[in-house]
Protein chains: 2
Amino acid sequence: MKRVPVDALTDFGKALLAARGAPEDVATAVARSLVYADMRGVASHGVVRLPIYLERLERGMVNAVAEPAPERDDGATVLLDGRNNFGAHVGRRAMGLAVERARAHGIALVGVKRSNHFGTAAFFVDAALAAGQVALVLSNASQTMPPVGGRRPFLGTNPLCIACPTPREAPFVLDMATSVVARGKIIFAARAEEPIPEGWAVDAEGRPTTDAAAGLEGSVLPVGGAKGFGLAMAIDILSGVLTGAGFGPTVNNMYENWQDPQDVGHAFLSIDITRFMPLETFSSRIDAYIDALKAAPRAPGVDELLYAGELEHRHAEAARAKGVALPSALVDDLDTIAMRLRIPHRLGAAGARAAE
Amino acid sequence: MKRVPVDALTDFGKALLAARGAPEDVATAVARSLVYADMRGVASHGVVRLPIYLERLERGMVNAVAEPAPERDDGATVLLDGRNNFGAHVGRRAMGLAVERARAHGIALVGVKRSNHFGTAAFFVDAALAAGQVALVLSNASQTMPPVGGRRPFLGTNPLCIACPTPREAPFVLDMATSVVARGKIIFAARAEEPIPEGWAVDAEGRPTTDAAAGLEGSVLPVGGAKGFGLAMAIDILSGVLTGAGFGPTVNNMYENWQDPQDVGHAFLSIDITRFMPLETFSSRIDAYIDALKAAPRAPGVDELLYAGELEHRHAEAARAKGVALPSALVDDLDTIAMRLRIPHRLGAAGARAAE
């Protein structure tokens, strides 16, 4: 592993995207989104995605210069056409709009169509939290998960994020996929030639399996069976069916489909807390909630009870101080791309500086 | 088991509630909510709750004559004071308001405080579906579930319901608790002296257990661990912290606390589909989604892939035709209460008629 300072990693990502024609604000949004995921310990949505993002851009599958534009605007609801720009950029615009409209109307929903993979949903909520709002972010994704009783992937591990401000260091940020486990954990088990627990995956024929390699050829299961599948489908309905984006089988895979844009759909909902109570009252109530949680009796061997987003926040603080930890092979891969694109930035060099 | 016609069961419930002073509309909402749950096969939220509802009413813990009233009204957002009436009645008022406001503003959120146990969340969504809206219903509940790493119950198995209209017989209605399994299944296993799967429950010390009896003394776990706990807490934030209702440890248990009202909180959100696309377009899109699901490859031994609410709808149709199946002991218990309240209705007699 190498540690790379947050700023150096962000600048590196921006430079690579800019070298492929992404405007400053788009390159910034995408680079920050990926680095943010790495900082929070969600490596699956981190700079490991930079190569595929660059390749989609390079091969014209993403349009980094098209500004997202409202297709319909009714004040508290907006239908935003992402115009096939990067999800991180489209999502930031959508969340900004939702926050502005929630301030005006108390609540707002921005539905998004024609977008792309938007990285970690938690990246978008800061604007809402800063405005004293509760945010809900949904997105669909390409097929990786079977229905309950299904044999093959049918819908995405459609994520949801719910966040609210707290007077603590860490806001409440629940950011979860609707699968029982990240596919990355199955990859890890397969490499280590270890079995996976029952309920994680089915094989290519839809049969339950504890064989990690068979699970990789098959599909990862929804969390809690019918509950996770129902949630994933509900998220697809709100972010895909309702917005005019792709849904279920019609969201295209960014690794496999090089003919069509992904047509990912999102939904950004924001609620102005002050329509219900003064922000100070809400703050002291959520503070009391967290106090009660921290004081609750713990199971043997458990040091602390955590709320959603707390661990990720600590991870991000550590990354800010010590740099982001990246596998050396990934650092080398990214530096090779930088060389090919003839930009002067090198993560290896930045990492060396971080180690001093 | 005895089968009781839907109308007879509803009239019976209304008569019992009315005999204890519930006004016509309140008695109707509560009776319909309980019967609706039984019809859908969700017996845990059915007329089995009638005795405790009546007892709360009898002992002055629920105020069936107080009309819910807006404490604050900003158009697209409303804070509704349930004034300690039954949750089914308060919830119907709140959903009606949300539907009306979503029609005017495109989206609306009605937060509810000072309410009570509201039964099955799916009961409320019909008004939204009939209006061509997508509904989201949340509620908190009294403590039954520990945090991840916790030893004792800390928050409720806070349910969520997401529903949208379809051109099919069954609308999409996801109605789920955030626990891995209904507590009733653990009760069932304990009675049968069978073990429960790992991950369902912890014992009274917070240790994982497969002993059903130990699980009953302990607590049922959140679905998917941190995911279910995070969801339950997010639901508590939206329906409890944000509304001024109880949350976490301050939602009172309706079976154990006879000093205080429950102070349950709910959130009713509704979205007008026509702000995003014509209803016909939405209908054909959700129809295409369901077509794709029905045509998706199935695992060995699976006859049909179902979406959320489909099975419950079929169950309800069967109950409408053949009557609601109730355990004979429950029928006897309810008839005993009817006798004590000096009302002429008898489920046993109605059931006999159903069997003719």
# chains A, B, ... in the order shown; residues from 1 in each chain; ligands from 1

$ select_by_dssp --residues "segment 116-349 of chain A" --states "strand (DSSP E)" --output "ChimeraX atom specification"
/A:133-139,160-164,172-176,201-202,208-209,219-220,264-272,324-326

$ calpha_fit_and_write --fixed "chain A" --moving "chain B" --output "mmCIF file with C-alpha atoms, in the first residue's frame"
data_model
loop_
_atom_site.group_PDB
_atom_site.id
_atom_site.type_symbol
_atom_site.label_atom_id
_atom_site.label_comp_id
_atom_site.auth_asym_id
_atom_site.auth_seq_id
_atom_site.Cartn_x
_atom_site.Cartn_y
_atom_site.Cartn_z
ATOM 1 C CA MET B 1 0.018 0.014 0.000
ATOM 2 C CA LYS B 2 1.086 3.587 -0.648
ATOM 3 C CA ARG B 3 -0.313 6.677 1.023
ATOM 4 C CA VAL B 4 -1.098 9.624 -1.241
ATOM 5 C CA PRO B 5 -2.095 13.049 0.140
ATOM 6 C CA VAL B 6 -5.746 13.899 -0.499
ATOM 7 C CA ASP B 7 -4.945 17.064 -2.478
ATOM 8 C CA ALA B 8 -2.344 15.362 -4.643
ATOM 9 C CA LEU B 9 -4.741 12.510 -5.406
ATOM 10 C CA THR B 10 -7.551 14.920 -6.275
ATOM 11 C CA ASP B 11 -5.288 17.041 -8.498
ATOM 12 C CA PHE B 12 -4.046 13.902 -10.197
ATOM 13 C CA GLY B 13 -7.610 12.759 -10.982
ATOM 14 C CA LYS B 14 -8.557 16.233 -12.220
ATOM 15 C CA ALA B 15 -5.506 16.387 -14.472
ATOM 16 C CA LEU B 16 -6.254 13.022 -16.071
ATOM 17 C CA LEU B 17 -9.887 13.912 -16.694
ATOM 18 C CA ALA B 18 -8.967 17.367 -18.001
ATOM 19 C CA ALA B 19 -6.409 15.805 -20.353
ATOM 20 C CA ARG B 20 -9.308 13.859 -21.869
ATOM 21 C CA GLY B 21 -11.368 17.026 -22.340
ATOM 22 C CA ALA B 22 -13.429 17.274 -19.149
ATOM 23 C CA PRO B 23 -14.099 20.923 -18.190
ATOM 24 C CA GLU B 24 -12.705 22.153 -14.850
ATOM 25 C CA ASP B 25 -15.928 21.788 -12.826
ATOM 26 C CA VAL B 26 -16.695 18.328 -14.221
ATOM 27 C CA ALA B 27 -13.158 17.071 -13.631
ATOM 28 C CA THR B 28 -13.275 18.480 -10.097
ATOM 29 C CA ALA B 29 -16.605 16.839 -9.215
ATOM 30 C CA VAL B 30 -15.545 13.437 -10.557
ATOM 31 C CA ALA B 31 -12.086 13.517 -8.940
ATOM 32 C CA ARG B 32 -13.492 14.639 -5.609
ATOM 33 C CA SER B 33 -16.190 11.953 -5.676
ATOM 34 C CA LEU B 34 -13.649 9.171 -6.238
ATOM 35 C CA VAL B 35 -11.171 10.489 -3.671
ATOM 36 C CA TYR B 36 -14.012 10.986 -1.166
ATOM 37 C CA ALA B 37 -14.933 7.301 -1.461
ATOM 38 C CA ASP B 38 -11.317 6.253 -0.891
ATOM 39 C CA MET B 39 -11.052 8.592 2.084
ATOM 40 C CA ARG B 40 -14.147 7.026 3.637
ATOM 41 C CA GLY B 41 -12.767 3.528 3.162
ATOM 42 C CA VAL B 42 -15.126 2.641 0.311
ATOM 43 C CA ALA B 43 -12.365 1.640 -2.100
ATOM 44 C CA SER B 44 -14.820 -0.001 -4.514
ATOM 45 C CA HIS B 45 -16.046 3.483 -5.476
ATOM 46 C CA GLY B 46 -12.664 5.191 -5.304
ATOM 47 C CA VAL B 47 -9.950 6.043 -7.828
ATOM 48 C CA VAL B 48 -9.948 2.380 -8.855
ATOM 49 C CA ARG B 49 -12.787 3.586 -11.133
ATOM 50 C CA LEU B 50 -10.687 6.299 -12.775
ATOM 51 C CA PRO B 51 -9.439 4.078 -15.644
ATOM 52 C CA ILE B 52 -12.963 3.015 -16.686
ATOM 53 C CA TYR B 53 -14.255 6.601 -16.350
ATOM 54 C CA LEU B 54 -11.410 7.801 -18.597
ATOM 55 C CA GLU B 55 -12.037 5.033 -21.094
ATOM 56 C CA ARG B 56 -15.766 5.856 -21.301
ATOM 57 C CA LEU B 57 -14.823 9.485 -21.903
ATOM 58 C CA GLU B 58 -12.150 8.597 -24.458
ATOM 59 C CA ARG B 59 -14.487 6.378 -26.439
ATOM 60 C CA GLY B 60 -17.284 8.933 -26.498
ATOM 61 C CA MET B 61 -19.630 7.034 -24.174
ATOM 62 C CA VAL B 62 -19.783 9.971 -21.715
ATOM 63 C CA ASN B 63 -20.249 13.590 -22.733
ATOM 64 C CA ALA B 64 -18.281 15.681 -20.248
ATOM 65 C CA VAL B 65 -19.073 19.023 -21.907
ATOM 66 C CA ALA B 66 -22.895 18.787 -21.903
ATOM 67 C CA GLU B 67 -24.442 20.681 -18.985
ATOM 68 C CA PRO B 68 -27.352 18.910 -17.219
ATOM 69 C CA ALA B 69 -30.587 20.786 -17.999
ATOM 70 C CA PRO B 70 -34.091 20.735 -16.500
ATOM 71 C CA GLU B 71 -36.524 19.066 -18.861
ATOM 72 C CA ARG B 72 -39.397 20.054 -16.633
ATOM 73 C CA ASP B 73 -39.448 22.388 -13.656
ATOM 74 C CA ASP B 74 -42.416 22.704 -11.304
ATOM 75 C CA GLY B 75 -40.634 24.256 -8.333
ATOM 76 C CA ALA B 76 -40.705 21.516 -5.700
ATOM 77 C CA THR B 77 -40.156 18.861 -8.372
ATOM 78 C CA VAL B 78 -37.651 19.025 -11.219
ATOM 79 C CA LEU B 79 -36.907 16.490 -13.940
ATOM 80 C CA LEU B 80 -33.254 16.922 -14.844
ATOM 81 C CA ASP B 81 -31.720 15.612 -18.067
ATOM 82 C CA GLY B 82 -28.147 14.611 -17.220
ATOM 83 C CA ARG B 83 -27.280 14.778 -20.931
ATOM 84 C CA ASN B 84 -24.949 11.846 -20.467
ATOM 85 C CA ASN B 85 -22.377 13.702 -18.382
ATOM 86 C CA PHE B 86 -20.552 11.971 -15.508
ATOM 87 C CA GLY B 87 -22.826 10.977 -12.616
ATOM 88 C CA ALA B 88 -20.719 12.859 -10.049
ATOM 89 C CA HIS B 89 -21.200 16.127 -11.929
ATOM 90 C CA VAL B 90 -24.866 15.526 -12.755
ATOM 91 C CA GLY B 91 -25.530 14.481 -9.166
ATOM 92 C CA ARG B 92 -23.892 17.586 -7.707
ATOM 93 C CA ARG B 93 -26.045 19.776 -9.939
ATOM 94 C CA ALA B 94 -29.163 17.809 -8.996
ATOM 95 C CA MET B 95 -28.459 17.920 -5.250
ATOM 96 C CA GLY B 96 -27.750 21.659 -5.452
ATOM 97 C CA LEU B 97 -31.083 22.169 -7.145
ATOM 98 C CA ALA B 98 -32.894 19.998 -4.588
ATOM 99 C CA VAL B 99 -31.373 21.989 -1.706
ATOM 100 C CA GLU B 100 -32.342 25.321 -3.293
ATOM 101 C CA ARG B 101 -35.900 24.138 -3.944
ATOM 102 C CA ALA B 102 -36.292 22.573 -0.495
ATOM 103 C CA ARG B 103 -35.336 25.932 0.992
ATOM 104 C CA ALA B 104 -38.142 27.536 -1.033
ATOM 105 C CA HIS B 105 -40.820 24.835 -0.703
ATOM 106 C CA GLY B 106 -39.846 22.860 2.425
ATOM 107 C CA ILE B 107 -39.267 19.689 0.418
ATOM 108 C CA ALA B 108 -38.039 19.026 -3.114
ATOM 109 C CA LEU B 109 -37.408 16.098 -5.418
ATOM 110 C CA VAL B 110 -35.053 16.253 -8.390
ATOM 111 C CA GLY B 111 -35.399 13.202 -10.641
ATOM 112 C CA VAL B 112 -32.512 12.598 -13.031
ATOM 113 C CA LYS B 113 -32.367 10.712 -16.308
ATOM 114 C CA ARG B 114 -29.582 10.106 -18.845
ATOM 115 C CA SER B 115 -26.824 10.055 -16.245
ATOM 116 C CA ASN B 116 -23.912 7.724 -15.549
ATOM 117 C CA HIS B 117 -22.374 5.804 -12.641
ATOM 118 C CA PHE B 118 -22.279 8.401 -9.849
ATOM 119 C CA GLY B 119 -19.846 6.815 -7.399
ATOM 120 C CA THR B 120 -20.629 6.910 -3.705
ATOM 121 C CA ALA B 121 -24.024 8.446 -2.880
ATOM 122 C CA ALA B 122 -22.665 10.001 0.322
ATOM 123 C CA PHE B 123 -20.591 12.399 -1.803
ATOM 124 C CA PHE B 124 -23.677 14.443 -2.632
ATOM 125 C CA VAL B 125 -25.248 15.047 0.754
ATOM 126 C CA ASP B 126 -22.850 17.700 2.107
ATOM 127 C CA ALA B 127 -24.753 20.505 0.356
ATOM 128 C CA ALA B 128 -27.976 19.426 2.083
ATOM 129 C CA LEU B 129 -26.342 19.012 5.495
ATOM 130 C CA ALA B 130 -24.761 22.471 5.262
ATOM 131 C CA ALA B 131 -28.205 23.910 4.494
ATOM 132 C CA GLY B 132 -29.804 22.238 7.520
ATOM 133 C CA GLN B 133 -31.664 19.686 5.439
ATOM 134 C CA VAL B 134 -32.266 15.953 5.555
ATOM 135 C CA ALA B 135 -31.238 14.326 2.274
ATOM 136 C CA LEU B 136 -32.278 11.140 0.520
ATOM 137 C CA VAL B 137 -30.245 10.043 -2.518
ATOM 138 C CA LEU B 138 -31.172 7.062 -4.696
ATOM 139 C CA SER B 139 -29.684 5.638 -7.860
ATOM 140 C CA ASN B 140 -30.185 2.637 -10.030
ATOM 141 C CA ALA B 141 -27.285 0.710 -11.553
ATOM 142 C CA SER B 142 -26.659 -1.937 -14.172
ATOM 143 C CA GLN B 143 -27.679 -5.563 -13.620
ATOM 144 C CA THR B 144 -25.771 -7.466 -10.941
ATOM 145 C CA MET B 145 -28.483 -8.880 -8.654
ATOM 146 C CA PRO B 146 -31.172 -11.502 -9.321
ATOM 147 C CA PRO B 147 -34.773 -11.207 -8.120
ATOM 148 C CA VAL B 148 -35.733 -13.553 -5.285
ATOM 149 C CA GLY B 149 -35.982 -16.921 -7.053
ATOM 150 C CA GLY B 150 -34.141 -15.645 -10.130
ATOM 151 C CA ARG B 151 -31.208 -17.337 -11.852
ATOM 152 C CA ARG B 152 -29.396 -14.386 -13.443
ATOM 153 C CA PRO B 153 -28.730 -10.710 -12.583
ATOM 154 C CA PHE B 154 -31.844 -8.622 -13.246
ATOM 155 C CA LEU B 155 -31.344 -5.257 -11.526
ATOM 156 C CA GLY B 156 -28.536 -3.286 -9.890
ATOM 157 C CA THR B 157 -27.407 -3.277 -6.272
ATOM 158 C CA ASN B 158 -29.271 0.053 -6.296
ATOM 159 C CA PRO B 159 -27.915 2.184 -3.451
ATOM 160 C CA LEU B 160 -29.705 4.510 -1.085
ATOM 161 C CA CYS B 161 -28.288 7.230 1.116
ATOM 162 C CA ILE B 162 -30.120 8.992 3.947
ATOM 163 C CA ALA B 163 -28.306 11.760 5.812
ATOM 164 C CA CYS B 164 -28.996 14.419 8.414
ATOM 165 C CA PRO B 165 -26.852 16.963 10.223
ATOM 166 C CA THR B 166 -25.791 16.342 13.829
ATOM 167 C CA PRO B 167 -23.944 18.607 16.291
ATOM 168 C CA ARG B 168 -21.306 15.850 16.483
ATOM 169 C CA GLU B 169 -18.180 15.582 14.403
ATOM 170 C CA ALA B 170 -19.812 13.041 12.113
ATOM 171 C CA PRO B 171 -23.171 13.668 10.471
ATOM 172 C CA PHE B 172 -25.573 10.731 10.211
ATOM 173 C CA VAL B 173 -24.889 9.282 6.742
ATOM 174 C CA LEU B 174 -26.338 5.908 5.841
ATOM 175 C CA ASP B 175 -24.946 4.942 2.425
ATOM 176 C CA MET B 176 -25.740 1.369 1.459
ATOM 177 C CA ALA B 177 -26.150 -0.891 -1.516
ATOM 178 C CA THR B 178 -29.197 -3.158 -1.454
ATOM 179 C CA SER B 179 -27.034 -6.276 -1.844
ATOM 180 C CA VAL B 180 -26.215 -8.455 1.160
ATOM 181 C CA VAL B 181 -22.531 -7.716 0.714
ATOM 182 C CA ALA B 182 -20.205 -5.858 -1.656
ATOM 183 C CA ARG B 183 -19.144 -7.992 -4.621
ATOM 184 C CA GLY B 184 -15.575 -7.096 -3.653
ATOM 185 C CA LYS B 185 -15.816 -9.331 -0.576
ATOM 186 C CA ILE B 186 -16.650 -12.316 -2.777
ATOM 187 C CA ILE B 187 -13.696 -11.479 -5.059
ATOM 188 C CA PHE B 188 -11.499 -11.382 -1.960
ATOM 189 C CA ALA B 189 -12.733 -14.784 -0.733
ATOM 190 C CA ALA B 190 -12.269 -16.304 -4.205
ATOM 191 C CA ARG B 191 -8.651 -15.085 -4.313
ATOM 192 C CA ALA B 192 -8.014 -16.500 -0.847
ATOM 193 C CA GLU B 193 -9.798 -19.723 -1.927
ATOM 194 C CA GLU B 194 -12.052 -19.453 1.094
ATOM 195 C CA PRO B 195 -15.758 -20.316 1.217
ATOM 196 C CA ILE B 196 -18.394 -17.575 1.505
ATOM 197 C CA PRO B 197 -21.266 -17.702 4.038
ATOM 198 C CA GLU B 198 -24.631 -19.012 2.891
ATOM 199 C CA GLY B 199 -26.926 -16.298 1.609
ATOM 200 C CA TRP B 200 -24.259 -14.142 -0.044
ATOM 201 C CA ALA B 201 -24.520 -15.430 -3.598
ATOM 202 C CA VAL B 202 -26.031 -17.880 -6.052
ATOM 203 C CA ASP B 203 -24.117 -19.684 -8.810
ATOM 204 C CA ALA B 204 -24.690 -19.191 -12.545
ATOM 205 C CA GLU B 205 -27.734 -21.493 -12.345
ATOM 206 C CA GLY B 206 -29.303 -19.531 -9.495
ATOM 207 C CA ARG B 207 -28.481 -22.186 -6.878
ATOM 208 C CA PRO B 208 -27.303 -21.091 -3.401
ATOM 209 C CA THR B 209 -23.543 -21.487 -3.103
ATOM 210 C CA THR B 210 -20.771 -21.131 -0.533
ATOM 211 C CA ASP B 211 -18.105 -21.481 -3.258
ATOM 212 C CA ALA B 212 -16.713 -17.982 -3.820
ATOM 213 C CA ALA B 213 -15.618 -18.681 -7.404
ATOM 214 C CA ALA B 214 -19.074 -20.057 -8.275
ATOM 215 C CA GLY B 215 -20.617 -17.006 -6.610
ATOM 216 C CA LEU B 216 -18.543 -14.705 -8.798
ATOM 217 C CA GLU B 217 -19.804 -16.480 -11.909
ATOM 218 C CA GLY B 218 -23.314 -16.211 -10.511
ATOM 219 C CA SER B 219 -24.661 -13.169 -8.691
ATOM 220 C CA VAL B 220 -24.598 -11.433 -5.341
ATOM 221 C CA LEU B 221 -27.939 -11.643 -3.495
ATOM 222 C CA PRO B 222 -30.187 -8.837 -2.227
ATOM 223 C CA VAL B 223 -29.867 -8.048 1.500
ATOM 224 C CA GLY B 224 -32.552 -9.886 3.482
ATOM 225 C CA GLY B 225 -33.957 -11.653 0.422
ATOM 226 C CA ALA B 226 -37.359 -10.216 -0.524
ATOM 227 C CA LYS B 227 -36.665 -7.071 1.542
ATOM 228 C CA GLY B 228 -33.493 -6.159 -0.331
ATOM 229 C CA PHE B 229 -35.001 -7.087 -3.694
ATOM 230 C CA GLY B 230 -38.112 -5.011 -2.941
ATOM 231 C CA LEU B 231 -35.964 -2.059 -1.875
ATOM 232 C CA ALA B 232 -33.791 -2.316 -4.988
ATOM 233 C CA MET B 233 -36.892 -2.390 -7.189
ATOM 234 C CA ALA B 234 -38.475 0.547 -5.311
ATOM 235 C CA ILE B 235 -35.257 2.532 -5.844
ATOM 236 C CA ASP B 236 -35.369 1.600 -9.541
ATOM 237 C CA ILE B 237 -38.971 2.832 -9.725
ATOM 238 C CA LEU B 238 -38.140 6.196 -8.146
ATOM 239 C CA SER B 239 -34.849 6.828 -9.933
ATOM 240 C CA GLY B 240 -35.463 5.021 -13.219
ATOM 241 C CA VAL B 241 -39.130 4.382 -14.073
ATOM 242 C CA LEU B 242 -40.337 7.770 -12.789
ATOM 243 C CA THR B 243 -37.563 9.832 -14.390
ATOM 244 C CA GLY B 244 -37.489 8.387 -17.904
ATOM 245 C CA ALA B 245 -34.041 6.825 -17.345
ATOM 246 C CA GLY B 246 -33.213 3.156 -17.868
ATOM 247 C CA PHE B 247 -34.431 0.668 -15.261
ATOM 248 C CA GLY B 248 -33.776 -3.006 -14.502
ATOM 249 C CA PRO B 249 -32.334 -4.590 -17.646
ATOM 250 C CA THR B 250 -32.181 -1.277 -19.580
ATOM 251 C CA VAL B 251 -29.463 0.382 -17.456
ATOM 252 C CA ASN B 252 -26.327 -0.328 -19.461
ATOM 253 C CA ASN B 253 -23.149 -1.815 -17.998
ATOM 254 C CA MET B 254 -20.242 0.613 -18.141
ATOM 255 C CA TYR B 255 -17.658 -2.157 -18.489
ATOM 256 C CA GLU B 256 -19.433 -4.237 -21.120
ATOM 257 C CA ASN B 257 -21.564 -1.993 -23.291
ATOM 258 C CA TRP B 258 -19.587 0.251 -25.653
ATOM 259 C CA GLN B 259 -22.456 1.089 -28.004
ATOM 260 C CA ASP B 260 -24.830 2.961 -25.688
ATOM 261 C CA PRO B 261 -24.695 5.491 -22.869
ATOM 262 C CA GLN B 262 -25.535 3.964 -19.483
ATOM 263 C CA ASP B 263 -28.783 5.927 -18.988
ATOM 264 C CA VAL B 264 -28.541 5.691 -15.206
ATOM 265 C CA GLY B 265 -31.341 7.365 -13.211
ATOM 266 C CA HIS B 266 -31.117 9.074 -9.822
ATOM 267 C CA ALA B 267 -33.452 10.737 -7.319
ATOM 268 C CA PHE B 268 -32.359 13.542 -4.973
ATOM 269 C CA LEU B 269 -34.785 14.485 -2.228
ATOM 270 C CA SER B 270 -34.185 17.158 0.376
ATOM 271 C CA ILE B 271 -36.214 18.318 3.372
ATOM 272 C CA ASP B 272 -35.863 21.654 5.162
ATOM 273 C CA ILE B 273 -35.719 20.802 8.862
ATOM 274 C CA THR B 274 -36.919 24.272 9.907
ATOM 275 C CA ARG B 275 -40.395 23.543 8.474
ATOM 276 C CA PHE B 276 -40.772 21.109 11.355
ATOM 277 C CA MET B 277 -38.769 22.664 14.192
ATOM 278 C CA PRO B 278 -35.915 25.138 14.748
ATOM 279 C CA LEU B 279 -32.580 23.671 13.674
ATOM 280 C CA GLU B 280 -31.311 23.995 17.259
ATOM 281 C CA THR B 281 -34.172 21.826 18.517
ATOM 282 C CA PHE B 282 -33.459 19.205 15.880
ATOM 283 C CA SER B 283 -29.763 19.321 16.792
ATOM 284 C CA SER B 284 -30.409 18.738 20.463
ATOM 285 C CA ARG B 285 -32.852 15.930 19.686
ATOM 286 C CA ILE B 286 -30.462 14.047 17.395
ATOM 287 C CA ASP B 287 -27.737 14.672 19.967
ATOM 288 C CA ALA B 288 -29.909 13.074 22.654
ATOM 289 C CA TYR B 289 -30.561 10.131 20.330
ATOM 290 C CA ILE B 290 -26.826 9.581 19.829
ATOM 291 C CA ASP B 291 -26.186 10.011 23.570
ATOM 292 C CA ALA B 292 -28.727 7.245 24.232
ATOM 293 C CA LEU B 293 -27.077 5.019 21.629
ATOM 294 C CA LYS B 294 -23.611 5.546 23.098
ATOM 295 C CA ALA B 295 -24.930 4.708 26.582
ATOM 296 C CA ALA B 296 -26.858 1.589 25.481
ATOM 297 C CA PRO B 297 -25.670 -1.795 26.855
ATOM 298 C CA ARG B 298 -23.103 -3.487 24.625
ATOM 299 C CA ALA B 299 -22.609 -7.135 23.714
ATOM 300 C CA PRO B 300 -19.498 -8.848 25.134
ATOM 301 C CA GLY B 301 -16.337 -7.635 23.386
ATOM 302 C CA VAL B 302 -17.918 -4.534 21.841
ATOM 303 C CA ASP B 303 -16.189 -1.240 22.714
ATOM 304 C CA GLU B 304 -18.540 1.291 21.175
ATOM 305 C CA LEU B 305 -21.900 1.472 19.435
ATOM 306 C CA LEU B 306 -21.667 3.412 16.177
ATOM 307 C CA TYR B 307 -24.222 5.178 14.007
ATOM 308 C CA ALA B 308 -24.147 5.206 10.233
ATOM 309 C CA GLY B 309 -21.341 7.312 8.791
ATOM 310 C CA GLU B 310 -19.340 7.565 11.998
ATOM 311 C CA LEU B 311 -16.691 5.013 11.054
ATOM 312 C CA GLU B 312 -16.434 6.440 7.516
ATOM 313 C CA HIS B 313 -15.987 9.937 8.961
ATOM 314 C CA ARG B 314 -13.109 8.753 11.170
ATOM 315 C CA HIS B 315 -11.584 7.018 8.185
ATOM 316 C CA ALA B 316 -11.802 10.251 6.186
ATOM 317 C CA GLU B 317 -10.207 12.279 8.994
ATOM 318 C CA ALA B 318 -7.301 9.846 9.125
ATOM 319 C CA ALA B 319 -6.918 9.991 5.337
ATOM 320 C CA ARG B 320 -6.862 13.796 5.482
ATOM 321 C CA ALA B 321 -4.042 13.652 8.010
ATOM 322 C CA LYS B 322 -2.020 10.728 6.681
ATOM 323 C CA GLY B 323 -3.027 10.460 3.027
ATOM 324 C CA VAL B 324 -5.205 7.953 1.212
ATOM 325 C CA ALA B 325 -3.961 4.356 1.270
ATOM 326 C CA LEU B 326 -3.906 2.823 -2.202
ATOM 327 C CA PRO B 327 -2.581 -0.552 -3.394
ATOM 328 C CA SER B 328 0.831 -0.087 -5.063
ATOM 329 C CA ALA B 329 -0.416 -1.868 -8.200
ATOM 330 C CA LEU B 330 -3.215 0.697 -8.557
ATOM 331 C CA VAL B 331 -0.753 3.567 -8.088
ATOM 332 C CA ASP B 332 1.418 2.086 -10.852
ATOM 333 C CA ASP B 333 -1.578 1.612 -13.170
ATOM 334 C CA LEU B 334 -2.708 5.193 -12.683
ATOM 335 C CA ASP B 335 0.820 6.547 -13.220
ATOM 336 C CA THR B 336 1.038 4.560 -16.460
ATOM 337 C CA ILE B 337 -2.166 6.224 -17.655
ATOM 338 C CA ALA B 338 -0.770 9.637 -16.662
ATOM 339 C CA MET B 339 2.352 8.935 -18.685
ATOM 340 C CA ARG B 340 0.295 7.864 -21.690
ATOM 341 C CA LEU B 341 -1.781 11.062 -21.411
ATOM 342 C CA ARG B 342 1.465 13.074 -21.153
ATOM 343 C CA ILE B 343 0.550 14.803 -17.904
ATOM 344 C CA PRO B 344 3.370 15.498 -15.448
ATOM 345 C CA HIS B 345 1.581 14.259 -12.273
ATOM 346 C CA ARG B 346 2.777 11.009 -10.685
ATOM 347 C CA LEU B 347 1.056 9.371 -7.707
ATOM 348 C CA GLY B 348 4.153 7.338 -6.939
ATOM 349 C CA ALA B 349 6.126 10.528 -6.400
ATOM 350 C CA ALA B 350 3.320 12.097 -4.375
ATOM 351 C CA GLY B 351 3.106 8.912 -2.352
ATOM 352 C CA ALA B 352 6.824 8.986 -1.670
ATOM 353 C CA ARG B 353 6.433 12.514 -0.388
ATOM 354 C CA ALA B 354 3.616 11.339 1.880
ATOM 355 C CA ALA B 355 5.847 8.676 3.350
ATOM 356 C CA GLU B 356 8.567 11.155 4.331
#

$ select_by_dssp --residues "segment 41-260 of chain A" --states "helix (DSSP H, G or I)" --output "count of residues only"
77
